[in-house]
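Let me begin by presenting the structure, written as structure tokens, before commenting on it.
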Amino acid sequence: MTFSTPDTENNVLSHISIKGNSEITDVYGIGIGNTLTDIKSKRSDIKIMTEHFRTYLHKESSKISYEMSLTNYNGPDKENYTFDDLEGSKVIAILWNR
């Protein structure tokens with residue numbers, strides 16, 4: 001688990017990241033190793049976001065996002081992945097942002 005506080009002037013915790021073999025789940029019951037299907041069944045209207053060659057699932061109104069592995073996609077890196085590209089992928093990190 002990683003905690004970060006870039007806003008050191010106000011000492012506000014602004015980012016928590018859980019990676020590795022953690023059994024911690026979020027408020028929706030999603031944890032490390034859950035699949036795309038697991039997430040879609042628990043969170044409707046989830047969207048794909050790619051940033052710095054990493055792929056995340058998130059919902060605009062939520063501060064929780066999930067970094068996903070790309071087990072089914074073997075092509076070059078691209079900016080816009082589809083749910084078909086993420087089929088079979090798993091959560092490799094859960095991120096809470098302020």
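All residue names refer to the structure tokens as shown: chains lettered A, B, ... in order, residues numbered from 1 in each chain, ligands numbered from 1 in order.
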query: Leaving out Leu57 (chain A) and any residue of its chain fewer than 6 positions from it, which residues lie within 9 Å of it when counting only C-alpha atoms, given as a ChimeraX atom specification?
result: /A:36,39,46-50,64-68
Would you mind exporting the chosen residues as a CSV table (one decimal), in the first residue's frame, restricted to N, CA and C atoms?
chain,number,residue,atom,x,y,z
A,36,LEU,N,-12.4,-8.0,-15.4
A,36,LEU,CA,-13.2,-7.0,-16.0
A,36,LEU,C,-14.7,-7.3,-15.8
A,39,ILE,N,-15.9,-6.4,-12.3
A,39,ILE,CA,-16.0,-4.9,-12.1
A,39,ILE,C,-17.3,-4.5,-12.8
A,46,ILE,N,-18.9,2.0,-16.1
A,46,ILE,CA,-17.4,2.2,-15.9
A,46,ILE,C,-16.8,2.5,-17.3
A,47,LYS,N,-15.8,3.3,-17.3
A,47,LYS,CA,-15.1,3.8,-18.5
A,47,LYS,C,-13.6,3.4,-18.5
A,48,ILE,N,-13.0,3.4,-19.7
A,48,ILE,CA,-11.6,3.1,-19.8
A,48,ILE,C,-10.9,4.4,-20.0
A,49,MET,N,-9.7,4.5,-19.3
A,49,MET,CA,-8.8,5.6,-19.4
A,49,MET,C,-7.4,5.1,-19.6
A,50,THR,N,-6.7,5.7,-20.5
A,50,THR,CA,-5.2,5.3,-20.6
A,50,THR,C,-4.4,6.5,-20.4
A,64,ILE,N,-12.4,6.4,-7.0
A,64,ILE,CA,-11.8,5.1,-7.1
A,64,ILE,C,-11.6,4.7,-8.5
A,65,SER,N,-10.4,4.2,-8.9
A,65,SER,CA,-10.1,3.7,-10.2
A,65,SER,C,-9.3,2.4,-10.0
A,66,TYR,N,-9.3,1.6,-11.1
A,66,TYR,CA,-8.6,0.3,-11.1
A,66,TYR,C,-7.6,0.2,-12.3
A,67,GLU,N,-6.4,-0.1,-11.9
A,67,GLU,CA,-5.4,-0.3,-13.0
A,67,GLU,C,-5.5,-1.7,-13.4
A,68,MET,N,-5.6,-1.9,-14.7
A,68,MET,CA,-5.9,-3.2,-15.3
A,68,MET,C,-4.6,-3.8,-16.0
Each residue of region 17-62 of chain A lying at most 6 Å from region 80-92 of chain A should get a row with its shortest atom-to-atom pair and the distance in Å to one decimal, counting only C-alpha atoms; could you produce that, ordered by chain and increasing number, as a tab-separated table?
residue	atom	partner	partner_atom	distance
A:Ile32	CA	A:Val91	CA	5.1
A:Gly33	CA	A:Val91	CA	5.0
A:Asn34	CA	A:Lys90	CA	5.4
A:Thr35	CA	A:Lys90	CA	4.4
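Going from CA of Ile18 (chain A) over to CA of Ile94 (chain A), you cover 5.3 Å.
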task: Pick out each residue of region 45-92 of chain A that DSSP on the backbone tags as strand (DSSP E); I need them as a ChimeraX atom specification.
output: /A:47-51,54-58,64-68,91-92
Selected residues written out with N, CA, C and O atoms, as a PDB file, in the first residue's frame:
ATOM      1  N   LYS A  47     -15.770   3.325 -17.281  1.00  0.00           N
ATOM      2  CA  LYS A  47     -15.118   3.759 -18.517  1.00  0.00           C
ATOM      3  C   LYS A  47     -13.640   3.405 -18.493  1.00  0.00           C
ATOM      4  O   LYS A  47     -13.056   3.207 -17.442  1.00  0.00           O
ATOM      5  N   ILE A  48     -13.048   3.378 -19.678  1.00  0.00           N
ATOM      6  CA  ILE A  48     -11.624   3.078 -19.826  1.00  0.00           C
ATOM      7  C   ILE A  48     -10.857   4.388 -19.991  1.00  0.00           C
ATOM      8  O   ILE A  48     -11.272   5.271 -20.725  1.00  0.00           O
ATOM      9  N   MET A  49      -9.725   4.489 -19.296  1.00  0.00           N
ATOM     10  CA  MET A  49      -8.843   5.638 -19.426  1.00  0.00           C
ATOM     11  C   MET A  49      -7.411   5.112 -19.552  1.00  0.00           C
ATOM     12  O   MET A  49      -7.023   4.197 -18.837  1.00  0.00           O
ATOM     13  N   THR A  50      -6.650   5.661 -20.469  1.00  0.00           N
ATOM     14  CA  THR A  50      -5.248   5.284 -20.635  1.00  0.00           C
ATOM     15  C   THR A  50      -4.381   6.506 -20.366  1.00  0.00           C
ATOM     16  O   THR A  50      -4.657   7.591 -20.866  1.00  0.00           O
ATOM     17  N   GLU A  51      -3.354   6.295 -19.558  1.00  0.00           N
ATOM     18  CA  GLU A  51      -2.454   7.391 -19.207  1.00  0.00           C
ATOM     19  C   GLU A  51      -1.048   6.830 -19.017  1.00  0.00           C
ATOM     20  O   GLU A  51      -0.849   5.912 -18.224  1.00  0.00           O
ATOM     21  N   ARG A  54      -0.580   3.055 -19.197  1.00  0.00           N
ATOM     22  CA  ARG A  54      -1.300   2.267 -18.191  1.00  0.00           C
ATOM     23  C   ARG A  54      -2.785   2.406 -18.478  1.00  0.00           C
ATOM     24  O   ARG A  54      -3.239   3.461 -18.899  1.00  0.00           O
ATOM     25  N   THR A  55      -3.531   1.341 -18.219  1.00  0.00           N
ATOM     26  CA  THR A  55      -4.957   1.329 -18.511  1.00  0.00           C
ATOM     27  C   THR A  55      -5.747   1.225 -17.218  1.00  0.00           C
ATOM     28  O   THR A  55      -5.468   0.361 -16.386  1.00  0.00           O
ATOM     29  N   TYR A  56      -6.729   2.103 -17.069  1.00  0.00           N
ATOM     30  CA  TYR A  56      -7.538   2.181 -15.856  1.00  0.00           C
ATOM     31  C   TYR A  56      -9.015   2.086 -16.197  1.00  0.00           C
ATOM     32  O   TYR A  56      -9.440   2.501 -17.270  1.00  0.00           O
ATOM     33  N   LEU A  57      -9.785   1.558 -15.254  1.00  0.00           N
ATOM     34  CA  LEU A  57     -11.237   1.641 -15.320  1.00  0.00           C
ATOM     35  C   LEU A  57     -11.664   2.625 -14.253  1.00  0.00           C
ATOM     36  O   LEU A  57     -11.158   2.591 -13.129  1.00  0.00           O
ATOM     37  N   HIS A  58     -12.588   3.498 -14.585  1.00  0.00           N
ATOM     38  CA  HIS A  58     -13.026   4.501 -13.621  1.00  0.00           C
ATOM     39  C   HIS A  58     -14.437   4.959 -13.962  1.00  0.00           C
ATOM     40  O   HIS A  58     -14.952   4.709 -15.048  1.00  0.00           O
ATOM     41  N   ILE A  64     -12.425   6.397  -7.019  1.00  0.00           N
ATOM     42  CA  ILE A  64     -11.757   5.096  -7.059  1.00  0.00           C
ATOM     43  C   ILE A  64     -11.565   4.685  -8.519  1.00  0.00           C
ATOM     44  O   ILE A  64     -12.483   4.773  -9.327  1.00  0.00           O
ATOM     45  N   SER A  65     -10.351   4.231  -8.854  1.00  0.00           N
ATOM     46  CA  SER A  65     -10.096   3.680 -10.182  1.00  0.00           C
ATOM     47  C   SER A  65      -9.295   2.395 -10.046  1.00  0.00           C
ATOM     48  O   SER A  65      -8.700   2.121  -9.008  1.00  0.00           O
ATOM     49  N   TYR A  66      -9.291   1.604 -11.117  1.00  0.00           N
ATOM     50  CA  TYR A  66      -8.641   0.294 -11.107  1.00  0.00           C
ATOM     51  C   TYR A  66      -7.648   0.225 -12.258  1.00  0.00           C
ATOM     52  O   TYR A  66      -8.018   0.421 -13.407  1.00  0.00           O
ATOM     53  N   GLU A  67      -6.388  -0.052 -11.942  1.00  0.00           N
ATOM     54  CA  GLU A  67      -5.404  -0.278 -12.999  1.00  0.00           C
ATOM     55  C   GLU A  67      -5.533  -1.719 -13.439  1.00  0.00           C
ATOM     56  O   GLU A  67      -5.557  -2.635 -12.616  1.00  0.00           O
ATOM     57  N   MET A  68      -5.615  -1.915 -14.744  1.00  0.00           N
ATOM     58  CA  MET A  68      -5.864  -3.241 -15.294  1.00  0.00           C
ATOM     59  C   MET A  68      -4.635  -3.785 -16.037  1.00  0.00           C
ATOM     60  O   MET A  68      -3.892  -3.029 -16.650  1.00  0.00           O
ATOM     61  N   VAL A  91      -7.506  -6.710 -12.212  1.00  0.00           N
ATOM     62  CA  VAL A  91      -7.097  -5.539 -11.447  1.00  0.00           C
ATOM     63  C   VAL A  91      -5.702  -5.793 -10.883  1.00  0.00           C
ATOM     64  O   VAL A  91      -5.470  -6.802 -10.214  1.00  0.00           O
ATOM     65  N   ILE A  92      -4.768  -4.888 -11.162  1.00  0.00           N
ATOM     66  CA  ILE A  92      -3.426  -5.011 -10.591  1.00  0.00           C
ATOM     67  C   ILE A  92      -3.158  -3.922  -9.557  1.00  0.00           C
ATOM     68  O   ILE A  92      -2.179  -3.990  -8.829  1.00  0.00           O
TER      69      ILE A  92
END
field: Which of A:Ala93, A:Ser62, A:Glu79, A:Asp45 sits closest to Val27 (chain A) [using only C-alpha atoms]
entry: A:Ser62
- prompt: Where does DSSP see helix (DSSP H, G or I) in region 18-73 of chain A, if you list the residues as a ChimeraX atom specification?
  reply: /A:36-42
- prompt: Taking into account only C-alpha atoms, which residue in the set A:Ser17, A:Glu60, A:Gly31, A:Ser44 is nearest to Trp96 (chain A)?
  reply: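 Looking only at the distances to Trp96 (chain A), the closest residue turns out to be A:Ser17.
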task: Just give me the gap between CA of Lys42 (chain A) and CA of Ser22 (chain A) in Å, one decimal is fine.
output: 19.4 Å
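Residue nearest Ile30 (chain A) within the list A:Lys63, A:Asn97, A:Leu70, A:Arg43: A:Arg43 [criterion: smallest interatomic distance, only C-alpha atoms].
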